[in-house]
Structure formats: structure tokens, C-alpha cells
Amino acid sequence: MTRNALTLLALTGCLAAIGCDGYALRGHVIEGLRSSVSIVDDDDPRLHSLGLADAHVELTLDPDSLRRKRIGSVYTDSNGSFVMPIDELLPGFLQHEVRLVGSAERHNSAVEHFILPGANKRVLIVLAPGRNTYREPVDEIRSAKRAAERYKPKE
């Protein structure tokens, strides 16, 4: 097969795997002793345990680059589950690093960097009781540009 045919075959397989509706990151937020984020199989029993309602889940694409972009933000349902549609990319065809932040009132946040999982995987977020001390990383270049704009002489 030619290189173009192989590429087309791979793209077709990827599109078939994610379906016409596109990709969605699915997961569950529970309370535990230590805050963490894990990628688990979709049959993991913890996905069916009592979850945290109204927890916030946020996803940032290319989190360590200057072109990072927030691509999703959802709240968990009354069972602690969430579905976050991702329209920005084709997971599996291109490898995308993301940063996921899970947070809830009166709980420590959980932060993890990973490659988006396949359709048969889920994200399990464990949040420990405590005070939320997570702060979004500061974009030094944007901050400097904004400060320069404030002190720019008026014409």
C-alpha cells in the first residue's frame, strides 16, 4: 500500500472509533484520602461508586506551551459523573497532551498531565477533603504584554 492509502486507512479507523458525534472525555469524581487523577478501564468498579456532585473538571490542551488552550469545562452530575465533548482534535490520530484539573468545594484539587485516553478508558478523579489551594499557572508573556499596554504612552 502507498503511504497516502495507509494514512487514509488510519484516519478512517480513527473516525470510526470515535463515531460521528466526535470525542468526549468521560469520567467520575469521588472522595478519597488523597487527591489524584487516573486513567482507568471503562469497567472499573470505582466508576459506579458514590460520587461528588457539582465538582468542576477543566481540560487544557498543550498546557506547558505558549499556545495552551482551555478546551473543556464541565460540572459533574448528581452521581459524580461527567462527559466533556472535545471538538478541538482527533484523539488517537494525533497525540495531544492535556492538563486536567478536578476541584470541588471543601476538597483539595487534583491536577494531572496526560495524553487523551481512548474511547474504552475513563478518567477517575479522587478529591481529598481539605482546602483548595490550586492556582492556575501564570502566563508570564501575556502578563508582561498586559502590563506594557497599561503603561504605553497615549498618542
# chains A, B, ... in the order shown; residues from 1 in each chain; ligands from 1
$ residues_around --residues "stretch 34-40 of chain A" --least-positions-apart "4" --cutoff "7 Å" --atoms "only C-alpha atoms" --output "PyMOL selection string"
chain A and resi 44+108-112+121-128
$ write_last_selection --atoms "N, CA and C atoms" --output "PDB file, in the first residue's frame"
ATOM      1  N   ASP A  44     -14.084  -0.271  35.395  1.00  0.00           N
ATOM      2  CA  ASP A  44     -13.544  -0.124  36.749  1.00  0.00           C
ATOM      3  C   ASP A  44     -14.708   0.086  37.728  1.00  0.00           C
ATOM      4  N   ASN A 108      -9.345  19.277  48.312  1.00  0.00           N
ATOM      5  CA  ASN A 108      -8.102  19.585  47.612  1.00  0.00           C
ATOM      6  C   ASN A 108      -8.289  19.266  46.135  1.00  0.00           C
ATOM      7  N   SER A 109      -7.731  20.090  45.265  1.00  0.00           N
ATOM      8  CA  SER A 109      -7.818  19.846  43.824  1.00  0.00           C
ATOM      9  C   SER A 109      -6.899  18.703  43.421  1.00  0.00           C
ATOM     10  N   ALA A 110      -7.215  18.098  42.292  1.00  0.00           N
ATOM     11  CA  ALA A 110      -6.361  17.078  41.685  1.00  0.00           C
ATOM     12  C   ALA A 110      -5.941  17.602  40.318  1.00  0.00           C
ATOM     13  N   VAL A 111      -4.645  17.521  40.023  1.00  0.00           N
ATOM     14  CA  VAL A 111      -4.107  18.026  38.759  1.00  0.00           C
ATOM     15  C   VAL A 111      -3.221  16.944  38.152  1.00  0.00           C
ATOM     16  N   GLU A 112      -3.401  16.701  36.863  1.00  0.00           N
ATOM     17  CA  GLU A 112      -2.570  15.700  36.184  1.00  0.00           C
ATOM     18  C   GLU A 112      -2.424  16.055  34.710  1.00  0.00           C
ATOM     19  N   LYS A 121     -11.576   3.967  27.783  1.00  0.00           N
ATOM     20  CA  LYS A 121     -10.981   4.394  29.049  1.00  0.00           C
ATOM     21  C   LYS A 121     -11.802   5.524  29.655  1.00  0.00           C
ATOM     22  N   ARG A 122     -11.671   5.689  30.957  1.00  0.00           N
ATOM     23  CA  ARG A 122     -12.356   6.755  31.681  1.00  0.00           C
ATOM     24  C   ARG A 122     -11.359   7.446  32.607  1.00  0.00           C
ATOM     25  N   VAL A 123     -11.708   8.648  33.032  1.00  0.00           N
ATOM     26  CA  VAL A 123     -10.895   9.392  33.986  1.00  0.00           C
ATOM     27  C   VAL A 123     -11.540   9.248  35.358  1.00  0.00           C
ATOM     28  N   LEU A 124     -10.748   8.814  36.316  1.00  0.00           N
ATOM     29  CA  LEU A 124     -11.213   8.718  37.700  1.00  0.00           C
ATOM     30  C   LEU A 124     -10.487   9.799  38.490  1.00  0.00           C
ATOM     31  N   ILE A 125     -11.247  10.729  39.040  1.00  0.00           N
ATOM     32  CA  ILE A 125     -10.686  11.826  39.825  1.00  0.00           C
ATOM     33  C   ILE A 125     -11.049  11.586  41.282  1.00  0.00           C
ATOM     34  N   VAL A 126     -10.042  11.556  42.139  1.00  0.00           N
ATOM     35  CA  VAL A 126     -10.250  11.394  43.578  1.00  0.00           C
ATOM     36  C   VAL A 126      -9.895  12.727  44.226  1.00  0.00           C
ATOM     37  N   LEU A 127     -10.811  13.264  45.009  1.00  0.00           N
ATOM     38  CA  LEU A 127     -10.575  14.528  45.712  1.00  0.00           C
ATOM     39  C   LEU A 127     -10.612  14.296  47.216  1.00  0.00           C
ATOM     40  N   ALA A 128      -9.552  14.718  47.889  1.00  0.00           N
ATOM     41  CA  ALA A 128      -9.466  14.576  49.344  1.00  0.00           C
ATOM     42  C   ALA A 128     -10.109  15.789  50.015  1.00  0.00           C
TER      43      ALA A 128
END
$ residues_around --residues "stretch 56-59 of chain A" --least-positions-apart "6" --cutoff "9 Å" --atoms "only C-alpha atoms" --output "NGL selection string"
:A and (29 or 69-76 or 82 or 84 or 98-104)
$ write_last_selection --atoms "N, CA and C atoms" --output "JSON list (two decimals), in the first residue's frame"
[["chain", "number", "residue", "atom", "x", "y", "z"],
["A", 29, "VAL", "N", -15.95, 11.52, 39.52],
["A", 29, "VAL", "CA", -15.23, 12.17, 40.63],
["A", 29, "VAL", "C", -15.74, 11.59, 41.94],
["A", 69, "LYS", "N", -4.48, 26.04, 25.44],
["A", 69, "LYS", "CA", -5.86, 26.46, 25.20],
["A", 69, "LYS", "C", -6.81, 25.63, 26.06],
["A", 70, "ARG", "N", -7.71, 26.31, 26.75],
["A", 70, "ARG", "CA", -8.73, 25.61, 27.53],
["A", 70, "ARG", "C", -9.73, 25.04, 26.53],
["A", 71, "ILE", "N", -9.91, 23.72, 26.57],
["A", 71, "ILE", "CA", -10.78, 23.08, 25.58],
["A", 71, "ILE", "C", -12.02, 22.46, 26.19],
["A", 72, "GLY", "N", -12.15, 22.52, 27.48],
["A", 72, "GLY", "CA", -13.35, 21.98, 28.09],
["A", 72, "GLY", "C", -13.47, 22.32, 29.55],
["A", 73, "SER", "N", -14.72, 22.44, 29.99],
["A", 73, "SER", "CA", -15.00, 22.74, 31.39],
["A", 73, "SER", "C", -16.42, 22.25, 31.67],
["A", 74, "VAL", "N", -16.56, 21.33, 32.62],
["A", 74, "VAL", "CA", -17.88, 20.79, 32.96],
["A", 74, "VAL", "C", -17.99, 20.62, 34.46],
["A", 75, "TYR", "N", -19.23, 20.44, 34.93],
["A", 75, "TYR", "CA", -19.51, 20.10, 36.31],
["A", 75, "TYR", "C", -20.09, 18.68, 36.33],
["A", 76, "THR", "N", -19.79, 17.95, 37.38],
["A", 76, "THR", "CA", -20.31, 16.59, 37.49],
["A", 76, "THR", "C", -21.81, 16.62, 37.79],
["A", 82, "PHE", "N", -19.21, 12.74, 34.67],
["A", 82, "PHE", "CA", -19.15, 13.84, 33.71],
["A", 82, "PHE", "C", -18.86, 13.31, 32.31],
["A", 84, "MET", "N", -17.38, 15.29, 28.82],
["A", 84, "MET", "CA", -16.86, 16.54, 28.28],
["A", 84, "MET", "C", -16.61, 16.37, 26.77],
["A", 98, "VAL", "N", -2.69, 16.99, 27.63],
["A", 98, "VAL", "CA", -3.65, 17.86, 28.28],
["A", 98, "VAL", "C", -3.34, 17.93, 29.77],
["A", 99, "ARG", "N", -3.85, 18.99, 30.40],
["A", 99, "ARG", "CA", -3.81, 19.09, 31.86],
["A", 99, "ARG", "C", -5.26, 19.07, 32.32],
["A", 100, "LEU", "N", -5.57, 18.19, 33.24],
["A", 100, "LEU", "CA", -6.90, 18.11, 33.82],
["A", 100, "LEU", "C", -6.82, 18.59, 35.26],
["A", 101, "VAL", "N", -7.76, 19.46, 35.61],
["A", 101, "VAL", "CA", -7.88, 19.93, 36.99],
["A", 101, "VAL", "C", -9.28, 19.58, 37.47],
["A", 102, "GLY", "N", -9.34, 18.82, 38.55],
["A", 102, "GLY", "CA", -10.61, 18.50, 39.18],
["A", 102, "GLY", "C", -10.68, 19.21, 40.52],
["A", 103, "SER", "N", -11.81, 19.85, 40.80],
["A", 103, "SER", "CA", -11.94, 20.59, 42.06],
["A", 103, "SER", "C", -13.39, 20.56, 42.55],
["A", 104, "ALA", "N", -13.54, 20.75, 43.83],
["A", 104, "ALA", "CA", -14.86, 20.82, 44.45],
["A", 104, "ALA", "C", -14.74, 21.60, 45.75]]
$ select_by_dssp --residues "stretch 28-80 of chain A" --states "strand (DSSP E or B)" --output "list of chain:residue names"
A:His28, A:Val29, A:Ile30, A:Glu31, A:Ser36, A:Val37, A:Ser38, A:Ile39, A:Val40, A:Asp41, A:His56, A:Val57, A:Glu58, A:Leu59, A:Thr60, A:Leu61, A:Lys69, A:Arg70, A:Ile71, A:Gly72, A:Ser73, A:Val74, A:Tyr75
$ write_last_selection --atoms "N, CA and C atoms" --output "mmCIF file, in the first residue's frame"
data_model
loop_
_atom_site.group_PDB
_atom_site.id
_atom_site.type_symbol
_atom_site.label_atom_id
_atom_site.label_comp_id
_atom_site.auth_asym_id
_atom_site.auth_seq_id
_atom_site.Cartn_x
_atom_site.Cartn_y
_atom_site.Cartn_z
ATOM 1 N N HIS A 28 -15.474 10.153 36.291
ATOM 2 C CA HIS A 28 -16.211 10.125 37.547
ATOM 3 C C HIS A 28 -15.333 10.765 38.624
ATOM 4 N N VAL A 29 -15.948 11.516 39.525
ATOM 5 C CA VAL A 29 -15.231 12.167 40.631
ATOM 6 C C VAL A 29 -15.744 11.591 41.939
ATOM 7 N N ILE A 30 -14.803 11.110 42.761
ATOM 8 C CA ILE A 30 -15.154 10.536 44.062
ATOM 9 C C ILE A 30 -14.316 11.190 45.162
ATOM 10 N N GLU A 31 -14.723 10.990 46.400
ATOM 11 C CA GLU A 31 -13.942 11.470 47.538
ATOM 12 C C GLU A 31 -13.014 10.353 47.996
ATOM 13 N N SER A 36 -6.109 12.730 43.372
ATOM 14 C CA SER A 36 -5.363 12.167 42.251
ATOM 15 C C SER A 36 -6.251 12.094 41.016
ATOM 16 N N VAL A 37 -5.604 11.885 39.874
ATOM 17 C CA VAL A 37 -6.295 11.666 38.602
ATOM 18 C C VAL A 37 -5.713 10.402 38.002
ATOM 19 N N SER A 38 -6.575 9.476 37.595
ATOM 20 C CA SER A 38 -6.131 8.218 36.993
ATOM 21 C C SER A 38 -6.938 7.928 35.737
ATOM 22 N N ILE A 39 -6.303 7.277 34.785
ATOM 23 C CA ILE A 39 -6.995 6.763 33.608
ATOM 24 C C ILE A 39 -7.281 5.293 33.901
ATOM 25 N N VAL A 40 -8.554 4.901 33.816
ATOM 26 C CA VAL A 40 -8.948 3.538 34.171
ATOM 27 C C VAL A 40 -9.774 2.926 33.039
ATOM 28 N N ASP A 41 -9.909 1.608 33.060
ATOM 29 C CA ASP A 41 -10.780 0.924 32.102
ATOM 30 C C ASP A 41 -12.226 1.321 32.364
ATOM 31 N N HIS A 56 -15.982 20.445 39.669
ATOM 32 C CA HIS A 56 -15.598 21.104 38.420
ATOM 33 C C HIS A 56 -14.424 20.364 37.793
ATOM 34 N N VAL A 57 -14.524 20.105 36.489
ATOM 35 C CA VAL A 57 -13.467 19.431 35.737
ATOM 36 C C VAL A 57 -13.110 20.329 34.560
ATOM 37 N N GLU A 58 -11.810 20.643 34.457
ATOM 38 C CA GLU A 58 -11.353 21.556 33.399
ATOM 39 C C GLU A 58 -10.193 20.914 32.655
ATOM 40 N N LEU A 59 -10.161 21.100 31.340
ATOM 41 C CA LEU A 59 -9.145 20.479 30.495
ATOM 42 C C LEU A 59 -8.450 21.546 29.670
ATOM 43 N N THR A 60 -7.110 21.523 29.670
ATOM 44 C CA THR A 60 -6.301 22.466 28.898
ATOM 45 C C THR A 60 -5.413 21.690 27.941
ATOM 46 N N LEU A 61 -5.453 22.068 26.671
ATOM 47 C CA LEU A 61 -4.632 21.449 25.629
ATOM 48 C C LEU A 61 -3.247 22.072 25.622
ATOM 49 N N LYS A 69 -4.484 26.040 25.442
ATOM 50 C CA LYS A 69 -5.862 26.461 25.198
ATOM 51 C C LYS A 69 -6.811 25.635 26.059
ATOM 52 N N ARG A 70 -7.706 26.307 26.754
ATOM 53 C CA ARG A 70 -8.730 25.611 27.532
ATOM 54 C C ARG A 70 -9.734 25.038 26.534
ATOM 55 N N ILE A 71 -9.908 23.716 26.573
ATOM 56 C CA ILE A 71 -10.776 23.079 25.584
ATOM 57 C C ILE A 71 -12.025 22.461 26.190
ATOM 58 N N GLY A 72 -12.149 22.518 27.479
ATOM 59 C CA GLY A 72 -13.347 21.975 28.088
ATOM 60 C C GLY A 72 -13.465 22.317 29.548
ATOM 61 N N SER A 73 -14.716 22.437 29.991
ATOM 62 C CA SER A 73 -15.000 22.737 31.389
ATOM 63 C C SER A 73 -16.420 22.248 31.670
ATOM 64 N N VAL A 74 -16.560 21.330 32.615
ATOM 65 C CA VAL A 74 -17.878 20.793 32.955
ATOM 66 C C VAL A 74 -17.987 20.617 34.464
ATOM 67 N N TYR A 75 -19.228 20.441 34.926
ATOM 68 C CA TYR A 75 -19.507 20.096 36.312
ATOM 69 C C TYR A 75 -20.095 18.684 36.330
#
$ closest_residue --among "A:Ala148, A:Ile115, A:Ala53, A:Ile86" --to "A:Tyr23" --atoms "only C-alpha atoms"
A:Ile86
$ select_by_dssp --residues "stretch 27-120 of chain A" --states "helix (DSSP H, G or I)" --output "list in words"
Pro45, Arg46, Leu47 and His48 of chain A
$ decode --residues "stretch 23-152 of chain A" --atoms "C-alpha atoms" --output "short mmCIF file (atom, residue, chain, number, x, y, z; two decimals), in the first residue's frame"
data_model
loop_
_atom_site.label_atom_id
_atom_site.label_comp_id
_atom_site.auth_asym_id
_atom_site.auth_seq_id
_atom_site.Cartn_x
_atom_site.Cartn_y
_atom_site.Cartn_z
CA TYR A 23 -14.75 12.54 21.02
CA ALA A 24 -15.89 13.00 24.60
CA LEU A 25 -13.80 12.63 27.74
CA ARG A 26 -15.81 10.64 30.26
CA GLY A 27 -15.17 10.14 33.93
CA HIS A 28 -16.21 10.13 37.55
CA VAL A 29 -15.23 12.17 40.63
CA ILE A 30 -15.15 10.54 44.06
CA GLU A 31 -13.94 11.47 47.54
CA GLY A 32 -10.84 9.75 48.87
CA LEU A 33 -7.85 10.06 51.17
CA ARG A 34 -5.52 11.64 48.59
CA SER A 35 -6.36 13.78 45.54
CA SER A 36 -5.36 12.17 42.25
CA VAL A 37 -6.29 11.67 38.60
CA SER A 38 -6.13 8.22 36.99
CA ILE A 39 -6.99 6.76 33.61
CA VAL A 40 -8.95 3.54 34.17
CA ASP A 41 -10.78 0.92 32.10
CA ASP A 42 -14.45 1.68 31.49
CA ASP A 43 -15.43 -1.32 33.64
CA ASP A 44 -13.54 -0.12 36.75
CA PRO A 45 -15.94 -0.59 39.71
CA ARG A 46 -14.96 2.77 41.25
CA LEU A 47 -16.75 4.47 38.35
CA HIS A 48 -20.03 3.26 39.87
CA SER A 49 -19.30 4.31 43.46
CA LEU A 50 -20.89 7.27 45.20
CA GLY A 51 -19.51 10.38 43.52
CA LEU A 52 -19.16 14.08 44.25
CA ALA A 53 -21.93 16.18 42.71
CA ASP A 54 -21.07 19.61 41.25
CA ALA A 55 -17.32 19.03 41.11
CA HIS A 56 -15.60 21.10 38.42
CA VAL A 57 -13.47 19.43 35.74
CA GLU A 58 -11.35 21.56 33.40
CA LEU A 59 -9.15 20.48 30.50
CA THR A 60 -6.30 22.47 28.90
CA LEU A 61 -4.63 21.45 25.63
CA ASP A 62 -0.81 21.73 25.39
CA PRO A 63 -0.62 23.04 28.97
CA ASP A 64 3.11 23.74 29.01
CA SER A 65 3.27 25.61 25.72
CA LEU A 66 2.68 29.26 24.86
CA ARG A 67 -0.29 28.18 22.75
CA ARG A 68 -2.11 26.35 25.54
CA LYS A 69 -5.86 26.46 25.20
CA ARG A 70 -8.73 25.61 27.53
CA ILE A 71 -10.78 23.08 25.58
CA GLY A 72 -13.35 21.98 28.09
CA SER A 73 -15.00 22.74 31.39
CA VAL A 74 -17.88 20.79 32.96
CA TYR A 75 -19.51 20.10 36.31
CA THR A 76 -20.31 16.59 37.49
CA ASP A 77 -23.90 15.41 37.68
CA SER A 78 -25.63 14.32 40.89
CA ASN A 79 -23.79 10.95 40.72
CA GLY A 80 -20.34 12.49 40.27
CA SER A 81 -20.08 11.55 36.58
CA PHE A 82 -19.15 13.84 33.71
CA VAL A 83 -19.00 13.85 29.92
CA MET A 84 -16.86 16.54 28.28
CA PRO A 85 -17.25 16.81 24.48
CA ILE A 86 -13.97 17.75 22.78
CA ASP A 87 -14.34 19.40 19.38
CA GLU A 88 -10.75 20.63 19.05
CA LEU A 89 -8.95 17.46 18.00
CA LEU A 90 -8.94 13.85 16.90
CA PRO A 91 -7.66 11.74 19.81
CA GLY A 92 -5.72 8.65 18.88
CA PHE A 93 -4.73 10.03 15.47
CA LEU A 94 -2.58 12.77 16.95
CA GLN A 95 -1.19 12.56 20.45
CA HIS A 96 -2.32 15.56 22.50
CA GLU A 97 -1.06 16.35 25.98
CA VAL A 98 -3.65 17.86 28.28
CA ARG A 99 -3.81 19.09 31.86
CA LEU A 100 -6.90 18.11 33.82
CA VAL A 101 -7.88 19.93 36.99
CA GLY A 102 -10.61 18.50 39.18
CA SER A 103 -11.94 20.59 42.06
CA ALA A 104 -14.86 20.82 44.45
CA GLU A 105 -15.83 22.91 47.45
CA ARG A 106 -14.05 21.88 50.65
CA HIS A 107 -11.72 19.50 48.75
CA ASN A 108 -8.10 19.59 47.61
CA SER A 109 -7.82 19.85 43.82
CA ALA A 110 -6.36 17.08 41.69
CA VAL A 111 -4.11 18.03 38.76
CA GLU A 112 -2.57 15.70 36.18
CA HIS A 113 -0.96 15.91 32.74
CA PHE A 114 -1.64 13.03 30.34
CA ILE A 115 -2.35 12.04 26.74
CA LEU A 116 -6.07 11.85 25.96
CA PRO A 117 -7.30 8.29 26.51
CA GLY A 118 -9.11 6.08 24.01
CA ALA A 119 -12.86 5.50 23.93
CA ASN A 120 -12.68 2.44 26.23
CA LYS A 121 -10.98 4.39 29.05
CA ARG A 122 -12.36 6.75 31.68
CA VAL A 123 -10.90 9.39 33.99
CA LEU A 124 -11.21 8.72 37.70
CA ILE A 125 -10.69 11.83 39.82
CA VAL A 126 -10.25 11.39 43.58
CA LEU A 127 -10.57 14.53 45.71
CA ALA A 128 -9.47 14.58 49.34
CA PRO A 129 -11.33 16.71 51.87
CA GLY A 130 -9.48 19.93 52.64
CA ARG A 131 -8.83 23.40 51.35
CA ASN A 132 -8.49 24.04 47.62
CA THR A 133 -5.08 25.68 47.13
CA TYR A 134 -4.66 25.15 43.36
CA ARG A 135 -3.87 28.24 41.32
CA GLU A 136 -3.75 28.35 37.52
CA PRO A 137 -0.15 28.75 36.26
CA VAL A 138 0.65 32.35 35.30
CA ASP A 139 1.38 33.05 31.63
CA GLU A 140 4.43 35.29 32.05
CA ILE A 141 4.45 36.56 28.45
CA ARG A 142 0.76 37.56 28.44
CA SER A 143 1.15 39.21 31.84
CA ALA A 144 4.13 41.24 30.61
CA LYS A 145 2.26 42.33 27.46
CA ARG A 146 -0.75 43.44 29.50
CA ALA A 147 1.48 45.41 31.87
CA ALA A 148 3.25 47.07 28.93
CA GLU A 149 -0.09 48.06 27.41
CA ARG A 150 -1.14 49.75 30.66
CA TYR A 151 1.97 51.93 30.69
CA LYS A 152 2.06 52.65 26.96
#
